[in-house]
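The file run12.cif comes next; it holds mmCIF, C-alpha atoms and all ligand atoms.
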```cif
data_final
loop_
_atom_site.group_PDB
_atom_site.id
_atom_site.type_symbol
_atom_site.label_atom_id
_atom_site.label_comp_id
_atom_site.auth_asym_id
_atom_site.auth_seq_id
_atom_site.Cartn_x
_atom_site.Cartn_y
_atom_site.Cartn_z
ATOM 1 C CA MET A 1 -10.807 5.457 -6.423
ATOM 2 C CA LYS A 2 -9.709 3.190 -3.608
ATOM 3 C CA PHE A 3 -8.898 4.149 -0.039
ATOM 4 C CA PHE A 4 -5.367 3.459 1.132
ATOM 5 C CA TYR A 5 -3.802 3.149 4.577
ATOM 6 C CA LEU A 6 -0.217 3.075 5.825
ATOM 7 C CA SER A 7 0.667 0.538 8.496
ATOM 8 C CA SER A 8 2.108 1.930 11.737
ATOM 9 C CA ASN A 9 3.923 -1.332 12.445
ATOM 10 C CA PRO A 10 7.019 -2.298 10.454
ATOM 11 C CA THR A 11 7.326 -5.650 8.712
ATOM 12 C CA SER A 12 10.177 -8.007 9.577
ATOM 13 C CA GLU A 13 12.188 -6.200 6.872
ATOM 14 C CA GLY A 14 11.567 -2.826 8.550
ATOM 15 C CA ASN A 15 9.170 -1.502 5.913
ATOM 16 C CA TYR A 16 5.754 0.039 6.499
ATOM 17 C CA GLU A 17 3.206 -1.443 4.149
ATOM 18 C CA ILE A 18 0.513 0.414 2.256
ATOM 19 C CA HIS A 19 -2.837 -1.361 2.062
ATOM 20 C CA GLU A 20 -6.064 -0.790 0.234
ATOM 21 C CA ARG A 21 -9.083 -0.639 2.547
ATOM 22 C CA GLU A 22 -10.479 -3.985 1.378
ATOM 23 C CA CYS A 23 -7.172 -5.860 1.782
ATOM 24 C CA ASP A 24 -7.207 -9.011 3.921
ATOM 25 C CA LEU A 25 -3.789 -8.099 5.309
ATOM 26 C CA ILE A 26 -4.605 -4.551 6.419
ATOM 27 C CA PRO A 27 -3.572 -3.860 10.040
ATOM 28 C CA ASP A 28 -6.027 -3.191 12.837
ATOM 29 C CA ILE A 29 -7.611 0.295 12.824
ATOM 30 C CA LEU A 30 -5.307 1.377 15.668
ATOM 31 C CA ASP A 31 -2.210 0.296 13.739
ATOM 32 C CA ARG A 32 -2.746 2.182 10.507
ATOM 33 C CA GLU A 33 -2.818 5.737 9.181
ATOM 34 C CA TYR A 34 -5.244 6.953 6.523
ATOM 35 C CA LEU A 35 -3.482 8.106 3.353
ATOM 36 C CA GLY A 36 -6.474 9.053 1.234
ATOM 37 C CA PRO A 37 -8.198 7.988 -1.969
ATOM 38 C CA PHE A 38 -5.957 7.027 -4.902
ATOM 39 C CA ASN A 39 -6.357 5.291 -8.257
ATOM 40 C CA ASN A 40 -3.790 2.631 -7.379
ATOM 41 C CA GLY A 41 -1.043 1.586 -4.986
ATOM 42 C CA LYS A 42 1.608 3.456 -6.917
ATOM 43 C CA GLU A 43 -0.095 6.809 -6.333
ATOM 44 C CA ALA A 44 -0.642 5.952 -2.676
ATOM 45 C CA MET A 45 3.067 5.151 -2.457
ATOM 46 C CA ARG A 46 4.019 8.707 -3.450
ATOM 47 C CA LYS A 47 1.955 10.143 -0.617
ATOM 48 C CA ALA A 48 3.151 7.497 1.850
ATOM 49 C CA LEU A 49 6.802 8.226 1.117
ATOM 50 C CA ASP A 50 6.259 11.823 2.267
ATOM 51 C CA LEU A 51 5.073 10.490 5.624
ATOM 52 C CA ASN A 52 7.472 7.588 5.922
ATOM 53 C CA PRO A 53 10.508 6.981 3.673
ATOM 54 C CA LYS A 54 10.305 3.280 4.522
ATOM 55 C CA ALA A 55 6.829 2.855 3.064
ATOM 56 C CA SER A 56 6.363 -0.120 0.748
ATOM 57 C CA THR A 57 3.415 -1.536 -1.156
ATOM 58 C CA CYS A 58 1.560 -4.641 -0.004
ATOM 59 C CA GLU A 59 2.036 -7.550 -2.388
ATOM 60 C CA LYS A 60 -1.546 -8.666 -2.049
ATOM 61 C CA CYS A 61 -3.501 -5.465 -2.713
ATOM 62 C CA CYS A 62 -1.006 -3.076 -4.359
ATOM 63 C CA ILE A 63 1.222 -5.172 -6.610
ATOM 64 C CA SER A 64 -1.466 -7.079 -8.491
ATOM 65 C CA SER A 65 -2.388 -4.120 -10.686
ATOM 66 C CA TYR A 66 1.265 -3.625 -11.700
ATOM 67 C CA GLN A 67 1.631 -7.292 -12.582
ATOM 68 C CA ALA A 68 -1.366 -7.088 -14.870
ATOM 69 C CA VAL A 69 0.444 -4.353 -16.798
ATOM 70 C CA PHE A 70 3.729 -6.235 -16.871
ATOM 71 C CA PHE A 71 2.142 -9.438 -18.053
ATOM 72 C CA LYS A 72 0.547 -7.712 -21.020
ATOM 73 C CA LYS A 73 4.009 -6.925 -22.371
ATOM 74 C CA ASN A 74 5.020 -10.601 -22.431
HETATM 75 ZN ZN ZN A 101 -2.601 -5.212 1.380
#
```
Structure translated into structure tokens:
Amino acid sequence: MKFFYLSSNPTSEGNYEIHERECDLIPDILDREYLGPFNNGKEAMRKALDLNPKASTCEKCCISSYQAVFFKKN
């Protein structure tokens, strides 16, 4: 399990990014909301969308696990 947070500040595209606790890009503690423990960014995304329909996954900490799956198919 990893611990995920939802940013309280939108990106330039107007999305609110989900970050894993260890992510280098995670916002300051005052600018994030705790989502809870999840196996991966995709599960965290489901919870985050309930709180904020504009939630999106961080490319650094959330997307890498998807890419690993995609690359195996190639
Ligand atoms: Zn991140």
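Here the question is which of A:Gly36, A:Lys47, A:Asp31, A:His19 gets nearest to Met1 (chain A) using all atoms listed in the file, and that residue is A:Gly36.
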Separation of CA of Ile26 (chain A) from CA of Asn39 (chain A), in Å and rounded to one decimal: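 Between CA of Ile26 (chain A) and CA of Asn39 (chain A) the gap works out to 17.8 Å.
With all atoms listed in the file as the atoms that count, the residue of A:Glu43, A:Asp50, A:Glu17, A:Asp28 with the shortest distance to ligand ZN 101 (chain A) is A:Glu17.
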Go through chain A and flag each residue having an atom no more than 6 Å from ligand ZN 101 (chain A); for those, report the closest pair of atoms plus their distance in Å to one decimal, using only C-alpha atoms and all ligand atoms, ordered by chain and rising number, as a tab-separated table.
```
residue	atom	partner	partner_atom	distance
A:His19	CA	A:ZN101	ZN	3.9
A:Glu20	CA	A:ZN101	ZN	5.7
A:Cys23	CA	A:ZN101	ZN	4.6
A:Leu25	CA	A:ZN101	ZN	5.0
A:Ile26	CA	A:ZN101	ZN	5.5
A:Cys58	CA	A:ZN101	ZN	4.4
A:Lys60	CA	A:ZN101	ZN	5.0
A:Cys61	CA	A:ZN101	ZN	4.2
```
Explicit residues for the PyMOL selection byres (((chain A and resi 35) around 6) and not hetatm) (as a ChimeraX atom specification): /A:4-5,34,36
Given all atoms listed in the file as the counted atoms, nearest of A:Asn9, A:Ile29, A:Asp24, A:Tyr16 to Leu51 (chain A):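 Distance minimum relative to Leu51 (chain A) lands on A:Tyr16.
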Minimum-distance residue to Leu6 (chain A), chosen among A:Ala48, A:Leu30, A:Gly41, A:Glu59 (using only C-alpha atoms):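 The answer is A:Ala48, which sits nearest to Leu6 (chain A).
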Residue among A:Asn15, A:Ala44, A:Pro37, A:Ala55 lying closest to Phe3 (chain A), counting only C-alpha atoms: A:Pro37
Length of the CA of Asn40 (chain A) to CA of Ser56 (chain A) vector [Å]: 13.3 Å
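With only C-alpha atoms as the atoms that count, the residue of A:Gly14, A:Ser7, A:Ile63, A:Pro27 with the shortest distance to Lys42 (chain A) is A:Ile63.
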One-decimal distance in Å that lies between CA of Ser12 (chain A) and CA of Cys62 (chain A):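 Atom-to-atom, CA of Cys62 (chain A) and CA of Ser12 (chain A) are spaced 18.5 Å apart.
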Mind giving me the axis-aligned box for region 5-20 of chain A with 8 Å on every side, centre plus edges in Å to one decimal, as AutoDock Vina command-line options?
```
--center_x 3.1 --center_y -2.4 --center_z 6.3 --size_x 34.3 --size_y 27.2 --size_z 28.2
```
Would you mind completing region 30-46 of chain A to N, CA and C atoms and writing the output as a short mmCIF file (atom, residue, chain, number, x, y, z; two decimals), in the coordinates of the input?
```cif
data_model
loop_
_atom_site.label_atom_id
_atom_site.label_comp_id
_atom_site.auth_asym_id
_atom_site.auth_seq_id
_atom_site.Cartn_x
_atom_site.Cartn_y
_atom_site.Cartn_z
N LEU A 30 -6.22 0.63 14.79
CA LEU A 30 -5.31 1.38 15.67
C LEU A 30 -3.87 1.36 15.16
N ASP A 31 -3.58 0.48 14.23
CA ASP A 31 -2.21 0.30 13.74
C ASP A 31 -2.03 0.76 12.31
N ARG A 32 -2.87 1.70 11.88
CA ARG A 32 -2.75 2.18 10.51
C ARG A 32 -3.09 3.66 10.45
N GLU A 33 -2.60 4.31 9.38
CA GLU A 33 -2.82 5.74 9.18
C GLU A 33 -3.49 5.92 7.83
N TYR A 34 -4.51 6.75 7.77
CA TYR A 34 -5.24 6.95 6.52
C TYR A 34 -4.43 7.83 5.57
N LEU A 35 -4.23 7.35 4.36
CA LEU A 35 -3.48 8.11 3.35
C LEU A 35 -4.40 8.93 2.47
N GLY A 36 -5.53 8.35 2.09
CA GLY A 36 -6.47 9.05 1.23
C GLY A 36 -6.89 8.18 0.07
N PRO A 37 -7.75 8.74 -0.80
CA PRO A 37 -8.20 7.99 -1.97
C PRO A 37 -7.21 8.13 -3.13
N PHE A 38 -6.87 7.02 -3.76
CA PHE A 38 -5.96 7.03 -4.90
C PHE A 38 -6.45 6.03 -5.95
N ASN A 39 -5.98 6.21 -7.18
CA ASN A 39 -6.36 5.29 -8.26
C ASN A 39 -5.71 3.93 -8.08
N ASN A 40 -4.50 3.91 -7.52
CA ASN A 40 -3.79 2.63 -7.38
C ASN A 40 -2.71 2.76 -6.30
N GLY A 41 -2.06 1.63 -6.03
CA GLY A 41 -1.04 1.59 -4.99
C GLY A 41 0.16 2.46 -5.28
N LYS A 42 0.45 2.64 -6.54
CA LYS A 42 1.61 3.46 -6.92
C LYS A 42 1.40 4.92 -6.52
N GLU A 43 0.20 5.43 -6.74
CA GLU A 43 -0.10 6.81 -6.33
C GLU A 43 -0.10 6.94 -4.82
N ALA A 44 -0.64 5.95 -4.14
CA ALA A 44 -0.64 5.95 -2.68
C ALA A 44 0.79 5.94 -2.14
N MET A 45 1.66 5.25 -2.85
CA MET A 45 3.07 5.15 -2.46
C MET A 45 3.73 6.53 -2.43
N ARG A 46 3.43 7.37 -3.40
CA ARG A 46 4.02 8.71 -3.45
C ARG A 46 3.67 9.50 -2.20
#
```
